[in-house]
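These notes are about the structure you will find just below.
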Amino acid sequence: MLKTYAGSWDAITWIIAFITIAIVVYIIRSFGRKDYRKGEAQKAFFSGEDVLSPEEMHVRASNIYWGFVEAMKGYYAWMRKIHNGIINDYIAWFVGVAAIMFIVFFIQEVIK
Amino acid sequence: MNGEFILKLVLECILLPFFAIFFGLLLKGIDRKLVARMQARVGPPIRQPFLDVIKLFSKENIVPEHAVKWIYNAMPLVCLASSIMVLFYIPLGFPPLLAGHGDLVLVLYILIIPSLAMIAGGFASSSPFATVGAQREMVTMISYELPLSIVIMSIAFYLPGSNSFSLDFISSHPLWNSVGVLGFAGLILLLMSLIIVTPGELAKVPFDVAEAETEIAEGVMVEYSGRNLALFYMADGVKIFAFASLIVAIFFPYSISPLLNLTGLYADIANFLFFILKVVIVMIFSVSIIRAAVARYRITSVVTGYWVTVAMMALIGLLLLMWDMHYHVRWS
């Protein structure tokens, strides 16, 4: 068992419980009807339109997070702008952030 | 871990699914009836979800021709089993069945599994609508995880000593009793954040963008039918029960037996019934009223709503709790 100061996790117990519950759920599932019509009924629903074959349908990684990137496009545009590939700019950011951190920690120590 | 413990665990694993499914479907029935009444409709009878499951079991279980069959069939099972697993770590009017074997962080991880199962099932369907639904489900999940994590961390951060992530510990140390003025305001904000996270976690209106019947014809569920759909349907009910129980365990862990001077078995029964009542009330405020009153958001509004508005609200709640610890402004 993994035990830390704040909590715990027993992986073995979790696995035993999950497998047993999965078996119970599988038995419940087996009470349902197994058979189904082959052919026309198996075609994916697409509002009456023909669905492309799986080889022609590709979901790109950029599509998966589309909603997130679209909602945060202001942030992403800003991030892209500052990632300009010029090493001098990256060093300037590094020095700037280090200076801010130094000032913050310095003020904290002075207040103490 | 000894033989007696394993035997007890296996027995609980056999009984808990029936208990969880029963109460899950009952909550779904109450929710549907209440929402119908709020919208001036008669609504279905409370037993309707049970009848739905029976009907689904008698329907064909169609597998789409291009589906990845084993993932398509396995994911409803994983979704229901993982939803039931959450209940092992949450106090249900009595200490958690697996108290000391897992904490709140584990509950957070297990809560992700049903959503991941829906996403995998959607992609495995090989349907355009299901693919869009799975993408939306993933984005919704990323969105609500941030405020949810802030709320959980805030609670554990405030509680003193070790085991602060243990749900047994959290429910035996009600936060409302120990906070001052600032902490009380902070807890209100955290509770509100968790209530807004609930419809997202349970894929209910206004955050049901992944299913959106009128736009993408149930999204991830579009190709599911028969017994596979019945498992997802039951998992939905169990998730409502589990998440409402989690809110009760964190924010309203009070028992009624001391108030009624009950002891022994009567106290356990009274506490359990009181717990179910609290779960129903939490469900009404976090699911029923919201879905009766609000229309569905766009996916971009879901992201900005959770990442900006709700996350900010939760962060302010965390700040207030921190200030409460430092400044100790008491009520009197």
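Residue numbers start at 1 in each chain; chains themselves are named A, B, ... in the order of the structure tokens; ligands are numbered from 1 in the order shown.
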*Residues of chain A no more than 8 Å from chain B, counting only C-alpha atoms: send them over as a VMD selection string.*
chain A and resid 1 5 to 10 13 16 to 18 20 to 22 24 to 26 29 31 to 37 39 41 to 46 51 54 63 to 68 70 to 72
Write out the residues from the selection above, keeping N, CA and C atoms, as a compact mmCIF listing (two decimals), in the first residue's frame.
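Saved the output as result.txt:
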```txt
# COMPACT_ATOMS: atom_id res chain seq x y z
N MET A 1 0.85 -1.20 0.00
CA MET A 1 0.00 0.00 0.00
C MET A 1 0.88 1.25 0.00
N TYR A 5 1.91 11.30 3.77
CA TYR A 5 1.49 12.06 4.95
C TYR A 5 -0.01 12.40 4.88
N ALA A 6 -0.49 12.68 3.64
CA ALA A 6 -1.86 13.19 3.51
C ALA A 6 -2.88 12.14 3.12
N GLY A 7 -2.48 11.00 2.58
CA GLY A 7 -3.47 10.02 2.11
C GLY A 7 -2.86 8.66 1.82
N SER A 8 -3.64 7.82 1.14
CA SER A 8 -3.15 6.46 0.88
C SER A 8 -3.83 5.88 -0.35
N TRP A 9 -3.20 4.86 -0.93
CA TRP A 9 -3.81 4.13 -2.04
C TRP A 9 -3.30 2.70 -2.04
N ASP A 10 -4.24 1.75 -1.96
CA ASP A 10 -3.90 0.34 -2.02
C ASP A 10 -4.30 -0.19 -3.41
N THR A 13 -5.94 -3.89 -3.66
CA THR A 13 -7.35 -3.91 -3.29
C THR A 13 -8.20 -3.34 -4.43
N ILE A 16 -8.49 -5.93 -7.25
CA ILE A 16 -9.40 -7.03 -6.89
C ILE A 16 -10.86 -6.56 -7.00
N ALA A 17 -11.12 -5.37 -6.41
CA ALA A 17 -12.49 -4.85 -6.42
C ALA A 17 -12.95 -4.57 -7.84
N PHE A 18 -12.08 -3.96 -8.66
CA PHE A 18 -12.49 -3.59 -10.02
C PHE A 18 -12.79 -4.84 -10.85
N THR A 20 -13.69 -7.83 -9.78
CA THR A 20 -14.91 -8.49 -9.30
C THR A 20 -16.15 -7.75 -9.78
N ILE A 21 -16.12 -6.40 -9.67
CA ILE A 21 -17.27 -5.62 -10.12
C ILE A 21 -17.46 -5.77 -11.63
N ALA A 22 -16.35 -5.78 -12.38
CA ALA A 22 -16.44 -5.95 -13.84
C ALA A 22 -17.10 -7.29 -14.18
N VAL A 24 -19.27 -8.92 -12.25
CA VAL A 24 -20.71 -8.77 -11.92
C VAL A 24 -21.43 -8.00 -13.03
N VAL A 25 -20.81 -6.92 -13.49
CA VAL A 25 -21.42 -6.11 -14.56
C VAL A 25 -21.54 -6.95 -15.85
N TYR A 26 -20.51 -7.76 -16.12
CA TYR A 26 -20.54 -8.62 -17.31
C TYR A 26 -21.70 -9.62 -17.23
N ARG A 29 -24.80 -7.76 -17.89
CA ARG A 29 -24.87 -7.49 -19.34
C ARG A 29 -25.34 -8.73 -20.11
N PHE A 31 -27.54 -10.76 -19.47
CA PHE A 31 -29.01 -10.94 -19.48
C PHE A 31 -29.66 -10.23 -20.68
N GLY A 32 -28.91 -9.33 -21.29
CA GLY A 32 -29.45 -8.59 -22.44
C GLY A 32 -29.43 -9.42 -23.71
N ARG A 33 -30.17 -8.90 -24.71
CA ARG A 33 -30.24 -9.61 -26.00
C ARG A 33 -28.90 -9.51 -26.74
N LYS A 34 -28.46 -10.66 -27.30
CA LYS A 34 -27.13 -10.69 -27.90
C LYS A 34 -27.17 -10.47 -29.41
N ASP A 35 -28.26 -10.94 -30.06
CA ASP A 35 -28.29 -10.95 -31.53
C ASP A 35 -28.62 -9.57 -32.09
N TYR A 36 -28.25 -9.36 -33.34
CA TYR A 36 -28.63 -8.14 -34.03
C TYR A 36 -28.57 -8.37 -35.54
N ARG A 37 -29.30 -7.50 -36.27
CA ARG A 37 -29.34 -7.63 -37.73
C ARG A 37 -28.01 -7.18 -38.33
N GLY A 39 -25.71 -6.06 -41.77
CA GLY A 39 -25.94 -5.35 -43.03
C GLY A 39 -26.35 -3.91 -42.84
N ALA A 41 -28.50 -2.32 -41.01
CA ALA A 41 -28.63 -1.78 -39.64
C ALA A 41 -27.28 -1.42 -39.03
N GLN A 42 -26.21 -1.97 -39.57
CA GLN A 42 -24.88 -1.72 -38.99
C GLN A 42 -24.22 -0.44 -39.53
N LYS A 43 -24.87 0.20 -40.52
CA LYS A 43 -24.27 1.41 -41.07
C LYS A 43 -24.40 2.55 -40.06
N ALA A 44 -23.32 3.31 -39.92
CA ALA A 44 -23.32 4.40 -38.93
C ALA A 44 -24.36 5.46 -39.32
N PHE A 45 -25.04 6.01 -38.30
CA PHE A 45 -26.05 7.04 -38.55
C PHE A 45 -25.38 8.37 -38.85
N PHE A 46 -25.76 8.97 -40.00
CA PHE A 46 -25.19 10.28 -40.35
C PHE A 46 -26.27 11.12 -41.03
N VAL A 51 -21.71 7.59 -45.08
CA VAL A 51 -20.53 7.84 -44.25
C VAL A 51 -19.29 7.41 -45.02
N PRO A 54 -13.52 4.27 -43.15
CA PRO A 54 -12.59 4.67 -42.08
C PRO A 54 -11.26 5.18 -42.64
N ASN A 63 -7.70 18.42 -34.21
CA ASN A 63 -9.17 18.37 -34.15
C ASN A 63 -9.65 17.99 -32.75
N ILE A 64 -8.88 17.13 -32.09
CA ILE A 64 -9.33 16.58 -30.81
C ILE A 64 -9.54 17.68 -29.79
N TYR A 65 -8.61 18.67 -29.75
CA TYR A 65 -8.71 19.72 -28.75
C TYR A 65 -9.27 21.02 -29.36
N TRP A 66 -9.99 20.91 -30.48
CA TRP A 66 -10.44 22.10 -31.19
C TRP A 66 -11.19 23.08 -30.27
N GLY A 67 -12.16 22.57 -29.52
CA GLY A 67 -12.98 23.43 -28.67
C GLY A 67 -12.14 24.19 -27.67
N PHE A 68 -11.14 23.53 -27.13
CA PHE A 68 -10.28 24.15 -26.12
C PHE A 68 -9.41 25.24 -26.75
N GLU A 70 -9.92 26.80 -29.56
CA GLU A 70 -10.77 27.88 -30.07
C GLU A 70 -11.16 28.84 -28.93
N ALA A 71 -11.52 28.25 -27.77
CA ALA A 71 -11.93 29.09 -26.63
C ALA A 71 -10.76 29.92 -26.10
N MET A 72 -9.56 29.36 -26.18
CA MET A 72 -8.38 30.02 -25.61
C MET A 72 -7.52 30.65 -26.71
```
*Go through range 22-221 of chain B and collect every residue that DSSP, computed from the backbone, puts in alpha helix (DSSP H); the answer should be as a PyMOL selection string.*
chain B and resi 22-38+48-57+69-86+104-124+128-158+167-172+175-178+181-201+213-216
Within 8 Å of range 29-41 of chain B, counting only C-alpha atoms, which residues qualify if same-chain residues fewer than 4 places away don't, as a PDB file with N, CA and C atoms, in the first residue's frame?
```pdb
ATOM      1  N   LEU B  25     -30.649   4.633 -10.555  1.00  0.00           N
ATOM      2  CA  LEU B  25     -31.856   4.711 -11.398  1.00  0.00           C
ATOM      3  C   LEU B  25     -32.981   5.447 -10.672  1.00  0.00           C
ATOM      4  N   PRO B  45     -43.261   8.370 -14.776  1.00  0.00           N
ATOM      5  CA  PRO B  45     -43.259   7.914 -13.378  1.00  0.00           C
ATOM      6  C   PRO B  45     -41.824   7.709 -12.884  1.00  0.00           C
ATOM      7  N   ILE B  46     -41.640   7.742 -11.567  1.00  0.00           N
ATOM      8  CA  ILE B  46     -40.284   7.639 -11.006  1.00  0.00           C
ATOM      9  C   ILE B  46     -39.631   6.299 -11.371  1.00  0.00           C
ATOM     10  N   ARG B  47     -40.450   5.255 -11.606  1.00  0.00           N
ATOM     11  CA  ARG B  47     -39.877   3.946 -11.945  1.00  0.00           C
ATOM     12  C   ARG B  47     -39.462   3.854 -13.422  1.00  0.00           C
ATOM     13  N   GLN B  48     -39.666   4.934 -14.186  1.00  0.00           N
ATOM     14  CA  GLN B  48     -39.399   4.884 -15.628  1.00  0.00           C
ATOM     15  C   GLN B  48     -37.971   4.421 -15.982  1.00  0.00           C
ATOM     16  N   PRO B  49     -36.910   4.926 -15.308  1.00  0.00           N
ATOM     17  CA  PRO B  49     -35.560   4.456 -15.662  1.00  0.00           C
ATOM     18  C   PRO B  49     -35.401   2.933 -15.540  1.00  0.00           C
ATOM     19  N   MET B 283     -28.687  16.663  -5.452  1.00  0.00           N
ATOM     20  CA  MET B 283     -28.975  16.408  -6.872  1.00  0.00           C
ATOM     21  C   MET B 283     -29.966  17.444  -7.424  1.00  0.00           C
ATOM     22  N   ILE B 284     -30.977  17.780  -6.616  1.00  0.00           N
ATOM     23  CA  ILE B 284     -31.985  18.756  -7.076  1.00  0.00           C
ATOM     24  C   ILE B 284     -31.306  20.096  -7.400  1.00  0.00           C
ATOM     25  N   VAL B 287     -28.260  19.429 -10.301  1.00  0.00           N
ATOM     26  CA  VAL B 287     -28.609  18.838 -11.601  1.00  0.00           C
ATOM     27  C   VAL B 287     -30.000  19.325 -12.055  1.00  0.00           C
ATOM     28  N   SER B 288     -31.037  19.006 -11.276  1.00  0.00           N
ATOM     29  CA  SER B 288     -32.415  19.212 -11.732  1.00  0.00           C
ATOM     30  C   SER B 288     -32.733  20.682 -12.017  1.00  0.00           C
ATOM     31  N   ILE B 289     -32.508  21.548 -11.017  1.00  0.00           N
ATOM     32  CA  ILE B 289     -32.876  22.963 -11.198  1.00  0.00           C
ATOM     33  C   ILE B 289     -32.076  23.577 -12.344  1.00  0.00           C
ATOM     34  N   ARG B 291     -30.675  22.108 -14.968  1.00  0.00           N
ATOM     35  CA  ARG B 291     -31.017  21.638 -16.317  1.00  0.00           C
ATOM     36  C   ARG B 291     -32.445  22.021 -16.727  1.00  0.00           C
ATOM     37  N   ALA B 292     -33.272  22.352 -15.733  1.00  0.00           N
ATOM     38  CA  ALA B 292     -34.619  22.833 -16.075  1.00  0.00           C
ATOM     39  C   ALA B 292     -34.598  24.309 -16.472  1.00  0.00           C
TER      40      ALA B 292
END
```
*Counting only C-alpha atoms, which of B:Ser115, B:Thr263, B:Ser172, B:Ser83 gets nearest to Ala235 in chain B?*
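The answer is B:Ser83, which sits nearest to Ala235 in chain B.
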